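J.: One structure, as structure tokens, below. Some questions next.
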Amino acid sequence: MSRKEEIIYATLELASANGMKGVSMSQIAEKVGIKAPSLYNHFKSKDEIIQEMYRFLREQALKNSRTAPLDYAAMFEKKSLPEILMGSLSAYIGIVSDKDMLRFFKVLYSERSTNPVAAKIMVEETERMLSQSRDLFYALAVHGKIRNENVDMASMTYSLTMHSLIDYRMDQITSGEEKGFGDGRSTVPKNITEFVKWFSFQLAVPEK
């Protein structure tokens, strides 16, 4: 593990216990076992650590999910609309529900209303979801899986609903109402699965 990675994990542990606001650069340095001036050789500020933490943990979560790149061409040919949406969604949930990523998001969620850096990261994550969903929905329209009407509005509605339902599950986990992200044997919460089925029915091309 590199020194930068040690700093990121030390900051995550401290922030998980005390919140980002309750963590200082001197505390991070002490946790890592280095002098405070040495910490500034790697990161100029705590905000820079947080931003790098988001990038690094997301990359690690993607690796840990062991999710193969989605083959949309094969999916469009062989899968139903709900199956395609669930496949894409399962891949995303595999990332955001990663143990360290989930710890990081819990901290961000608690501070995004007052911390500009936390809010900026949440905006970036939401915009990432919006962009990926828009690309997927246009491909679905081109392949005749959904009606070619108001694709932008459909993808935005889908993305923001998914975002809200994922937020809801994260709050349930934090409050102790739920122990994990999925329900039963599924990695996807039941209410999300039900929404995907309903939304697919609304968008599906009518059979001739």
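Every chain in the structure tokens takes a letter, A first, then B, and so on in the order presented; its residues are numbered from 1, and the ligands are numbered from 1 following the presented order.
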Can you list, as a PyMOL selection string, every protein, DNA or RNA residue that comes within 10 Å of stretch 181-188 of chain A when you count only C-alpha atoms, leaving out same-chain residues fewer than 5 positions away?
T.: chain A and resi 86+89-91+93-94+96-98+102+166+169-170+172-173+193
J.: If you run DSSP over the backbone, which residues in stretch 87-206 of chain A end up alpha helix (DSSP H)? Put them as number ranges by chain.
T.: A: 87-96, 99-111, 116-142, 151-175, 190-203
J.: Save out the residues we just selected, C-alpha atoms, as a PDB file, in the first residue's frame.
T.:
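Below you can see part31.pdb, which holds the result:
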ATOM      1  CA  GLY A  87     -28.240  -5.728 -15.231  1.00  0.00           C
ATOM      2  CA  SER A  88     -27.083  -2.141 -15.515  1.00  0.00           C
ATOM      3  CA  LEU A  89     -28.450  -1.264 -12.085  1.00  0.00           C
ATOM      4  CA  SER A  90     -26.870  -4.280 -10.382  1.00  0.00           C
ATOM      5  CA  ALA A  91     -23.473  -3.215 -11.707  1.00  0.00           C
ATOM      6  CA  TYR A  92     -23.931   0.286 -10.268  1.00  0.00           C
ATOM      7  CA  ILE A  93     -25.198  -0.967  -6.903  1.00  0.00           C
ATOM      8  CA  GLY A  94     -22.186  -3.275  -6.727  1.00  0.00           C
ATOM      9  CA  ILE A  95     -20.031  -0.146  -6.693  1.00  0.00           C
ATOM     10  CA  VAL A  96     -21.969   2.098  -4.286  1.00  0.00           C
ATOM     11  CA  LYS A  99     -17.914  -1.646   2.148  1.00  0.00           C
ATOM     12  CA  ASP A 100     -15.490   1.295   1.965  1.00  0.00           C
ATOM     13  CA  MET A 101     -17.526   3.200  -0.612  1.00  0.00           C
ATOM     14  CA  LEU A 102     -20.587   2.872   1.614  1.00  0.00           C
ATOM     15  CA  ARG A 103     -18.650   4.213   4.616  1.00  0.00           C
ATOM     16  CA  PHE A 104     -17.488   7.144   2.504  1.00  0.00           C
ATOM     17  CA  PHE A 105     -20.990   7.933   1.242  1.00  0.00           C
ATOM     18  CA  LYS A 106     -22.407   7.815   4.777  1.00  0.00           C
ATOM     19  CA  VAL A 107     -20.021  10.614   5.731  1.00  0.00           C
ATOM     20  CA  LEU A 108     -20.816  12.615   2.599  1.00  0.00           C
ATOM     21  CA  TYR A 109     -24.573  12.255   3.073  1.00  0.00           C
ATOM     22  CA  SER A 110     -24.347  13.639   6.601  1.00  0.00           C
ATOM     23  CA  GLU A 111     -22.363  16.709   5.505  1.00  0.00           C
ATOM     24  CA  PRO A 116     -19.123  22.281  -0.385  1.00  0.00           C
ATOM     25  CA  VAL A 117     -16.631  19.497  -1.158  1.00  0.00           C
ATOM     26  CA  ALA A 118     -19.084  16.787  -0.055  1.00  0.00           C
ATOM     27  CA  ALA A 119     -21.845  18.438  -2.091  1.00  0.00           C
ATOM     28  CA  LYS A 120     -19.591  18.676  -5.156  1.00  0.00           C
ATOM     29  CA  ILE A 121     -18.784  14.957  -4.992  1.00  0.00           C
ATOM     30  CA  MET A 122     -22.467  14.044  -4.642  1.00  0.00           C
ATOM     31  CA  VAL A 123     -23.281  16.259  -7.643  1.00  0.00           C
ATOM     32  CA  GLU A 124     -20.533  14.521  -9.647  1.00  0.00           C
ATOM     33  CA  GLU A 125     -21.881  11.086  -8.708  1.00  0.00           C
ATOM     34  CA  THR A 126     -25.431  12.079  -9.652  1.00  0.00           C
ATOM     35  CA  GLU A 127     -24.302  13.563 -12.962  1.00  0.00           C
ATOM     36  CA  ARG A 128     -22.361  10.366 -13.677  1.00  0.00           C
ATOM     37  CA  MET A 129     -25.544   8.341 -13.165  1.00  0.00           C
ATOM     38  CA  LEU A 130     -27.577  10.749 -15.326  1.00  0.00           C
ATOM     39  CA  SER A 131     -25.058  10.578 -18.168  1.00  0.00           C
ATOM     40  CA  GLN A 132     -24.765   6.784 -18.136  1.00  0.00           C
ATOM     41  CA  SER A 133     -28.534   6.337 -17.986  1.00  0.00           C
ATOM     42  CA  ARG A 134     -29.050   8.773 -20.863  1.00  0.00           C
ATOM     43  CA  ASP A 135     -26.577   6.831 -23.036  1.00  0.00           C
ATOM     44  CA  LEU A 136     -28.287   3.557 -22.148  1.00  0.00           C
ATOM     45  CA  PHE A 137     -31.781   4.880 -22.858  1.00  0.00           C
ATOM     46  CA  TYR A 138     -30.799   6.266 -26.265  1.00  0.00           C
ATOM     47  CA  ALA A 139     -29.297   2.878 -27.124  1.00  0.00           C
ATOM     48  CA  LEU A 140     -32.510   1.193 -25.961  1.00  0.00           C
ATOM     49  CA  ALA A 141     -34.522   3.514 -28.205  1.00  0.00           C
ATOM     50  CA  VAL A 142     -32.261   2.842 -31.212  1.00  0.00           C
ATOM     51  CA  VAL A 151     -35.926   9.801 -24.082  1.00  0.00           C
ATOM     52  CA  ASP A 152     -34.106  12.520 -22.136  1.00  0.00           C
ATOM     53  CA  MET A 153     -37.025  12.965 -19.736  1.00  0.00           C
ATOM     54  CA  ALA A 154     -37.449   9.207 -19.324  1.00  0.00           C
ATOM     55  CA  SER A 155     -33.773   8.663 -18.517  1.00  0.00           C
ATOM     56  CA  MET A 156     -33.704  11.588 -16.077  1.00  0.00           C
ATOM     57  CA  THR A 157     -36.845  10.373 -14.294  1.00  0.00           C
ATOM     58  CA  TYR A 158     -35.403   6.873 -14.043  1.00  0.00           C
ATOM     59  CA  SER A 159     -31.985   8.064 -12.814  1.00  0.00           C
ATOM     60  CA  LEU A 160     -33.276  10.428 -10.151  1.00  0.00           C
ATOM     61  CA  THR A 161     -35.792   7.880  -8.892  1.00  0.00           C
ATOM     62  CA  MET A 162     -33.008   5.304  -8.627  1.00  0.00           C
ATOM     63  CA  HIS A 163     -30.840   7.872  -6.869  1.00  0.00           C
ATOM     64  CA  SER A 164     -33.602   8.594  -4.334  1.00  0.00           C
ATOM     65  CA  LEU A 165     -34.308   4.902  -3.700  1.00  0.00           C
ATOM     66  CA  ILE A 166     -30.602   4.192  -3.198  1.00  0.00           C
ATOM     67  CA  ASP A 167     -30.409   7.157  -0.789  1.00  0.00           C
ATOM     68  CA  TYR A 168     -33.391   5.710   1.061  1.00  0.00           C
ATOM     69  CA  ARG A 169     -31.717   2.320   1.446  1.00  0.00           C
ATOM     70  CA  MET A 170     -28.501   3.961   2.662  1.00  0.00           C
ATOM     71  CA  ASP A 171     -30.503   5.848   5.311  1.00  0.00           C
ATOM     72  CA  GLN A 172     -32.151   2.574   6.343  1.00  0.00           C
ATOM     73  CA  ILE A 173     -28.732   0.944   6.737  1.00  0.00           C
ATOM     74  CA  THR A 174     -27.392   3.899   8.742  1.00  0.00           C
ATOM     75  CA  SER A 175     -30.441   3.916  11.028  1.00  0.00           C
ATOM     76  CA  LYS A 190     -37.215  -5.097  -3.493  1.00  0.00           C
ATOM     77  CA  ASN A 191     -38.692  -1.613  -3.987  1.00  0.00           C
ATOM     78  CA  ILE A 192     -36.110  -0.875  -6.697  1.00  0.00           C
ATOM     79  CA  THR A 193     -36.852  -4.161  -8.462  1.00  0.00           C
ATOM     80  CA  GLU A 194     -40.571  -3.379  -8.404  1.00  0.00           C
ATOM     81  CA  PHE A 195     -39.990   0.119  -9.772  1.00  0.00           C
ATOM     82  CA  VAL A 196     -37.857  -1.238 -12.635  1.00  0.00           C
ATOM     83  CA  LYS A 197     -40.667  -3.627 -13.616  1.00  0.00           C
ATOM     84  CA  TRP A 198     -43.285  -0.871 -13.492  1.00  0.00           C
ATOM     85  CA  PHE A 199     -41.110   1.644 -15.361  1.00  0.00           C
ATOM     86  CA  SER A 200     -40.265  -0.911 -18.051  1.00  0.00           C
ATOM     87  CA  PHE A 201     -43.971  -1.485 -18.641  1.00  0.00           C
ATOM     88  CA  GLN A 202     -44.490   2.262 -19.122  1.00  0.00           C
ATOM     89  CA  LEU A 203     -41.659   2.565 -21.658  1.00  0.00           C
TER      90      LEU A 203
END
J.: Mind pulling up the distance from atom CA of A:Glu6 to atom CA of A:Glu30?
T.: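 Separation between atom CA of A:Glu30 and atom CA of A:Glu6: 11.7 Å.
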J.: Rank A:Leu57, A:Ala17, A:Ile146, A:Leu12 by their smallest atom-to-atom distance to A:Ala204, using only C-alpha atoms, and report the top residue only.
T.: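 Selected residue with least distance to A:Ala204: A:Ile146.
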